[in-house]
4 protein chains.
Amino acid sequence: MKTNTATLLIHCKDQKGLVVSVTEFILNNNGNILYLDQHVDNHEAEFFMRVEWDLSEFHIPTEKISDYFETLIASKFTMRYQLHVNSAVPNVAIFVSHLPHCIYDIISRVRSGEWNIHIPLIVSNHEKLRHVAEEFNIPYYVLPITAENKAEQEQKTIELLREHHVDLVILARYMQVISPEFIAEFPNKIINIHHSFLPAFPGAKPYHSAYARGVKLIGATSHYVTADLDAGPIIAQGVSEVSHKDSVENMIRKGLDLEKIVLSKAIWSHVQHKTLVYNNRTIVFE
Amino acid sequence: MKTNTATLLIHCKDQKGLVVSVTEFILNNNGNILYLDQHVDNHEAEFFMRVEWDLSEFHIPTEKISDYFETLIASKFTMRYQLHVNSAVPNVAIFVSHLPHCIYDIISRVRSGEWNIHIPLIVSNHEKLRHVAEEFNIPYYVLPITAENKAEQEQKTIELLREHHVDLVILARYMQVISPEFIAEFPNKIINIHHSFLPAFPGAKPYHSAYARGVKLIGATSHYVTADLDAGPIIAQGVSEVSHKDSVENMIRKGLDLEKIVLSKAIWSHVQHKTLVYNNRTIVFE
Amino acid sequence: MKTNTATLLIHCKDQKGLVVSVTEFILNNNGNILYLDQHVDNHEAEFFMRVEWDLSEFHIPTEKISDYFETLIASKFTMRYQLHVNSAVPNVAIFVSHLPHCIYDIISRVRSGEWNIHIPLIVSNHEKLRHVAEEFNIPYYVLPITAENKAEQEQKTIELLREHHVDLVILARYMQVISPEFIAEFPNKIINIHHSFLPAFPGAKPYHSAYARGVKLIGATSHYVTADLDAGPIIAQGVSEVSHKDSVENMIRKGLDLEKIVLSKAIWSHVQHKTLVYNNRTIVFE
Amino acid sequence: MKTNTATLLIHCKDQKGLVVSVTEFILNNNGNILYLDQHVDNHEAEFFMRVEWDLSEFHIPTEKISDYFETLIASKFTMRYQLHVNSAVPNVAIFVSHLPHCIYDIISRVRSGEWNIHIPLIVSNHEKLRHVAEEFNIPYYVLPITAENKAEQEQKTIELLREHHVDLVILARYMQVISPEFIAEFPNKIINIHHSFLPAFPGAKPYHSAYARGVKLIGATSHYVTADLDAGPIIAQGVSEVSHKDSVENMIRKGLDLEKIVLSKAIWSHVQHKTLVYNNRTIVFE
């Protein structure tokens, strides 16, 4: 990630002149376009665009880009848009329960310099993975959840996340259902990994269901969390071959790699501002 | 396929001495084992085996192998088994409706010598694909199905299949539900291709459902037909990546290749006597 | 493929204003853009673009589009471009030798309506696959090649191709090296399928080499034919898993599906005008 | 991995009675066979077998199994065999240079309990990855290599490995060529990850070569190290799709996941005693 660039994510009804107007706005103010992707849903006449440009000689001061874009372009076409100035390093909170393979994969990418994100805290409903937090010297908060204390604990968690200026929440095999109230605080900012190729096998114990059904492929699905369990917009999916030789335990083992790779792929798309949500589906630019 | 070989497919409760007994039966009668695969379901204590051997110097006459094996081995271990003498070329009936990609793929494999099977007839509920049958000079029977005539037409079809000594029925995108009575005539001998990664999207229009759900993978599943629609034992599955760029029409187009390859893979496993059905799941030896 | 559309494929040095200029040319003349893809090679500062638009209300008469585009846009930016009016059905010649799996796959796609191309003739150096041509009623020309007659036979072949207005030549496992003179007649218009993941195992008997090396993946590569054997620009590649269980014969068998699917993928990209060649590499728009 | 089991890996010329003799040896001494895999290379008439059984009621004392097997079975059939008693936890040394993605993946699997191996030390020719060793509290030895000191440093390394009773060496993107003398100390016990689908792009900078050649797939290959650079027996391979959009830098990034997953797959096969080397190729049982 170059540090001195801006990214615009745009969504509006398809109209003539959209690409021309946006690119002229950048070019006329001396921005050098690095990447431009656009997608037209011809069926629904919706327009989506992602454009990233170099800010080093851009005439409009960074803090005024949004204002100018709103006035000159967005209002004219009734656009919804997000402006991201990429020098900001996102704060990402990781939620875990018992299984560490996903969080190890995420932290490894940060520590090796593959990803430029900051992990201010790890949240869990169990003590079990404290050793992971300690290995990497990351604060680890345990908030056990019961039917009685759920609302209260979620409220505490929200406060923790605010305190740490969290931009994105990752459910890295966190085995608790998040309440609609919590989700509403982080719309399209909570990413989950589910251990099946959704919509097959939602809910608990998908590998057991996959074994019982005798499938020849197991899968993993990363999606934005919405109020409907395991039904949010899918960001990434992957599958792995299995055969009659694979016991449930072996499927679970094979699934570990699948889950961590699919989740990390989804996180990376989000962090690069390459995802847009529309009608419970995602646009994922490359 | 070598022509002078025999294949035994065996299923029984796991017991000591199974592999030893079967291989000694072959070796002691001067059979040369070409392939041996066995699988033990340790969880359910079930034993499965496939063994193929050269008959050229085998002491037991071909027509008596089954009798001897039953007496000497199978009865002792309470085995269920199938004996296939591979010089027999199977008679395979293809059922089609509107889409020819699967039947073209199947016939091409036969005509090019890739598969040693015979296609005595094609059955359809429409005239539309008669040209395929004519290109390859294969009898084409049209039996239109209505709610009223279904039982009668199925009975006619069963007679046709018997007349042609059909060993296997392929539903190559045949768009009619087969009745339980018909299925009972061909247990584990009817193979269907469904255009989704089952158990996701059973029933009609799976690509439309896949599009609406926003999946990032589409799939195809080939399975034995049972009385439960799209719920029979799965033989083969495949997936293909899709993105937000893919319209429903494009998914349907991408699915064509997936369907024909997955169906042909399943047929080839069956025809080589590499499949066993157990608890609505399949053992597919390699 | 919609029939009343035009496609522009553009390549030039990267400069400011390229996307704006091209899209304005279309929009200002009342063209409705259906697809727009662009790629900037930031390293080499090269620009590539594919744009497809609806001609039904386009102000510039179809036969004058190229002239106007040249004058108003291309000359200004020193563009190389191709204009394709998509109502034209391309004439595709298929060259074969002994193996029919690829040609069956190609013809099946045409006969089933999946591809809108015309196959005016099949060329071979052997009689062996005449039956395929006869099944589909396509003229079949046999031109046996020896060291002595090669130049002469190639000349005859070129004349045949001209006579049939051939736009694209497919080497569907045609086992003869094409001379540089022949290739010069059809620059970037001859597509070959090679049965390995190039650059591994160029030349003859790649499956034997793959077996000897003990690889765990076999591959297929479709590429434009250039004067360097098996070294032309790659359009599509695919792989399939193999193991120690696979004999050379089994690798050859597994390769059949790989070859036909990879070749057809490459043909389909070319026929939709989605490919551009640059520095012996391809841009393949989606 | 169950802790009280034994595994036999067997290789000899194919002969009648092999499977029977080995399984009887186990059964007659009250061993319960858990897994049995065998492979016959029909072309070369070589026989390979892996059998794993429960030792809990086995009559032969663990320390005498090898002696008995040698006398009663192996000598009769001129077998080469390895006996592994699985309660032993292997000591695995990891060699690294600059890139930590593979070592992070390996250590994560150990710390999460996915793999039952011990890592007594990390060896490097650079200080750079000391932080990884410190995060997990593993001894980190730096032995810088120059043309002058190579023999000496390798000798020191061998002593370190002996001191720590190392059973397996992993070159986790270790950027030094290992000498034949070093390799001779650890025959088929050094596993490397090479960042291409070998035999394509051996040697340095394979992603640069892949980019220049314009391939549509990049790969990774894990193999046993032999005296021929990047030419040892392949254990596992994987590929990932790339397109014209991928710069060299992007290919390198995409390759990170591929390399770590392929290397870990190979290590896991070796550690479970599922690999046999023959004619510079591997048998990898499932």
# chains A, B, ... in the order shown; residues from 1 in each chain; ligands from 1
call {"tool": "residues_around", "arguments": {"residues": "range 209-216 of chain B", "least_positions_apart": "6", "cutoff": "8 Å", "atoms": "only C-alpha atoms", "output": "NGL selection string"}}
result
(:A and (198-199 or 233-237 or 280-282)) or (:B and (201 or 241-244 or 247-248 or 251))
call {"tool": "write_last_selection", "arguments": {"atoms": "N, CA, C and O atoms", "output": "PDB file, in the first residue's frame"}}
result
ATOM      1  N   LEU A 198     -21.464 -21.647   2.429  1.00  0.00           N
ATOM      2  CA  LEU A 198     -22.830 -21.142   2.559  1.00  0.00           C
ATOM      3  C   LEU A 198     -23.433 -20.922   1.172  1.00  0.00           C
ATOM      4  O   LEU A 198     -22.701 -20.599   0.249  1.00  0.00           O
ATOM      5  N   PRO A 199     -24.755 -21.132   1.016  1.00  0.00           N
ATOM      6  CA  PRO A 199     -25.772 -21.337   2.041  1.00  0.00           C
ATOM      7  C   PRO A 199     -25.903 -22.788   2.528  1.00  0.00           C
ATOM      8  O   PRO A 199     -26.839 -23.061   3.280  1.00  0.00           O
ATOM      9  N   PRO A 233     -23.774 -10.611   3.531  1.00  0.00           N
ATOM     10  CA  PRO A 233     -23.130 -10.553   2.208  1.00  0.00           C
ATOM     11  C   PRO A 233     -21.792 -11.299   2.190  1.00  0.00           C
ATOM     12  O   PRO A 233     -20.917 -11.027   3.002  1.00  0.00           O
ATOM     13  N   ILE A 234     -21.648 -12.214   1.245  1.00  0.00           N
ATOM     14  CA  ILE A 234     -20.455 -13.048   1.138  1.00  0.00           C
ATOM     15  C   ILE A 234     -19.323 -12.263   0.489  1.00  0.00           C
ATOM     16  O   ILE A 234     -19.501 -11.645  -0.561  1.00  0.00           O
ATOM     17  N   ILE A 235     -18.151 -12.301   1.104  1.00  0.00           N
ATOM     18  CA  ILE A 235     -16.976 -11.614   0.555  1.00  0.00           C
ATOM     19  C   ILE A 235     -16.053 -12.603  -0.167  1.00  0.00           C
ATOM     20  O   ILE A 235     -15.536 -12.317  -1.236  1.00  0.00           O
ATOM     21  N   ALA A 236     -15.855 -13.762   0.426  1.00  0.00           N
ATOM     22  CA  ALA A 236     -14.953 -14.758  -0.176  1.00  0.00           C
ATOM     23  C   ALA A 236     -15.389 -16.156   0.224  1.00  0.00           C
ATOM     24  O   ALA A 236     -15.937 -16.359   1.308  1.00  0.00           O
ATOM     25  N   GLN A 237     -15.153 -17.103  -0.668  1.00  0.00           N
ATOM     26  CA  GLN A 237     -15.445 -18.506  -0.399  1.00  0.00           C
ATOM     27  C   GLN A 237     -14.339 -19.383  -0.953  1.00  0.00           C
ATOM     28  O   GLN A 237     -13.683 -19.024  -1.937  1.00  0.00           O
ATOM     29  N   ASN A 280     -27.562  -7.155  -0.192  1.00  0.00           N
ATOM     30  CA  ASN A 280     -27.010  -8.316   0.529  1.00  0.00           C
ATOM     31  C   ASN A 280     -25.981  -9.107  -0.270  1.00  0.00           C
ATOM     32  O   ASN A 280     -25.709 -10.267   0.008  1.00  0.00           O
ATOM     33  N   ARG A 281     -25.408  -8.476  -1.296  1.00  0.00           N
ATOM     34  CA  ARG A 281     -24.325  -9.093  -2.058  1.00  0.00           C
ATOM     35  C   ARG A 281     -23.139  -8.124  -2.050  1.00  0.00           C
ATOM     36  O   ARG A 281     -23.293  -6.960  -1.708  1.00  0.00           O
ATOM     37  N   THR A 282     -21.977  -8.629  -2.409  1.00  0.00           N
ATOM     38  CA  THR A 282     -20.813  -7.745  -2.416  1.00  0.00           C
ATOM     39  C   THR A 282     -20.262  -7.568  -3.825  1.00  0.00           C
ATOM     40  O   THR A 282     -20.314  -8.466  -4.659  1.00  0.00           O
TER      41      THR A 282
ATOM     42  N   PHE B 201     -29.009 -24.998  -2.730  1.00  0.00           N
ATOM     43  CA  PHE B 201     -29.807 -24.771  -3.934  1.00  0.00           C
ATOM     44  C   PHE B 201     -30.336 -26.047  -4.595  1.00  0.00           C
ATOM     45  O   PHE B 201     -30.096 -26.288  -5.784  1.00  0.00           O
ATOM     46  N   GLU B 241     -15.237 -20.480  -9.838  1.00  0.00           N
ATOM     47  CA  GLU B 241     -15.333 -19.166  -9.216  1.00  0.00           C
ATOM     48  C   GLU B 241     -16.237 -18.235 -10.018  1.00  0.00           C
ATOM     49  O   GLU B 241     -16.208 -18.234 -11.237  1.00  0.00           O
ATOM     50  N   VAL B 242     -17.026 -17.447  -9.300  1.00  0.00           N
ATOM     51  CA  VAL B 242     -17.790 -16.382  -9.936  1.00  0.00           C
ATOM     52  C   VAL B 242     -17.551 -15.104  -9.133  1.00  0.00           C
ATOM     53  O   VAL B 242     -17.024 -15.136  -8.027  1.00  0.00           O
ATOM     54  N   SER B 243     -17.936 -13.985  -9.722  1.00  0.00           N
ATOM     55  CA  SER B 243     -17.763 -12.713  -9.029  1.00  0.00           C
ATOM     56  C   SER B 243     -18.982 -11.843  -9.279  1.00  0.00           C
ATOM     57  O   SER B 243     -19.936 -12.261  -9.949  1.00  0.00           O
ATOM     58  N   HIS B 244     -18.936 -10.644  -8.737  1.00  0.00           N
ATOM     59  CA  HIS B 244     -20.031  -9.694  -8.955  1.00  0.00           C
ATOM     60  C   HIS B 244     -20.231  -9.386 -10.443  1.00  0.00           C
ATOM     61  O   HIS B 244     -21.276  -8.896 -10.840  1.00  0.00           O
ATOM     62  N   SER B 247     -23.440 -12.150 -14.340  1.00  0.00           N
ATOM     63  CA  SER B 247     -24.900 -12.137 -14.342  1.00  0.00           C
ATOM     64  C   SER B 247     -25.392 -13.581 -14.220  1.00  0.00           C
ATOM     65  O   SER B 247     -24.616 -14.526 -14.334  1.00  0.00           O
ATOM     66  N   VAL B 248     -26.691 -13.746 -13.994  1.00  0.00           N
ATOM     67  CA  VAL B 248     -27.260 -15.098 -13.972  1.00  0.00           C
ATOM     68  C   VAL B 248     -26.930 -15.820 -15.279  1.00  0.00           C
ATOM     69  O   VAL B 248     -26.534 -16.985 -15.269  1.00  0.00           O
ATOM     70  N   MET B 251     -23.445 -17.046 -15.210  1.00  0.00           N
ATOM     71  CA  MET B 251     -23.301 -18.205 -14.318  1.00  0.00           C
ATOM     72  C   MET B 251     -23.786 -19.467 -15.032  1.00  0.00           C
ATOM     73  O   MET B 251     -23.155 -20.516 -14.954  1.00  0.00           O
TER      74      MET B 251
END
call {"tool": "interface_residues", "arguments": {"of": "chain C", "to": "chain B", "cutoff": "7 Å", "atoms": "only C-alpha atoms", "output": "compact mmCIF listing (two decimals) with N, CA, C and O atoms, in the first residue's frame"}}
result
# COMPACT_ATOMS: atom_id res chain seq x y z
N PRO C 100 -9.45 -36.68 -31.05
CA PRO C 100 -10.65 -35.90 -31.35
C PRO C 100 -11.27 -35.16 -30.18
O PRO C 100 -12.27 -34.48 -30.37
N HIS C 101 -10.71 -35.27 -28.97
CA HIS C 101 -11.44 -34.70 -27.81
C HIS C 101 -11.61 -33.20 -27.91
O HIS C 101 -12.65 -32.67 -27.55
N TYR C 104 -14.20 -32.32 -30.82
CA TYR C 104 -15.56 -32.64 -30.37
C TYR C 104 -16.07 -31.55 -29.43
O TYR C 104 -17.22 -31.13 -29.50
N SER C 108 -19.23 -29.25 -30.44
CA SER C 108 -20.39 -29.35 -29.55
C SER C 108 -20.87 -27.98 -29.09
O SER C 108 -22.07 -27.72 -28.99
N SER C 112 -24.55 -26.61 -30.08
CA SER C 112 -25.51 -26.40 -28.99
C SER C 112 -25.89 -24.93 -28.84
O SER C 112 -26.71 -24.58 -28.01
N GLU C 135 -19.85 -36.73 -39.17
CA GLU C 135 -20.95 -36.69 -38.20
C GLU C 135 -21.62 -35.31 -38.21
O GLU C 135 -22.83 -35.19 -38.05
N PHE C 136 -20.80 -34.27 -38.41
CA PHE C 136 -21.33 -32.91 -38.33
C PHE C 136 -21.41 -32.23 -39.69
O PHE C 136 -21.68 -31.04 -39.77
call {"tool": "atom_distance", "arguments": {"atom1": "CA of Leu34 in chain D", "atom2": "CA of Thr275 in chain D"}}
result
17.5 Å
call {"tool": "atom_distance", "arguments": {"atom1": "CA of Glu127 in chain D", "atom2": "CA of Ile138 in chain A"}}
result
23.6 Å
call {"tool": "residues_around", "arguments": {"residues": "His194 in chain D", "least_positions_apart": "3", "cutoff": "10 Å", "atoms": "only C-alpha atoms", "output": "PyMOL selection string"}}
result
chain D and resi 171-174+191+197-198+201-204+206+219-223+230+237+259+262-263
call {"tool": "select_by_dssp", "arguments": {"residues": "range 201-232 of chain C", "states": "strand (DSSP E or B)", "output": "list in words"}}
result
Leu217, Ile218, Gly219, Ala220, Thr221, Ser222, His223 and Tyr224 of chain C
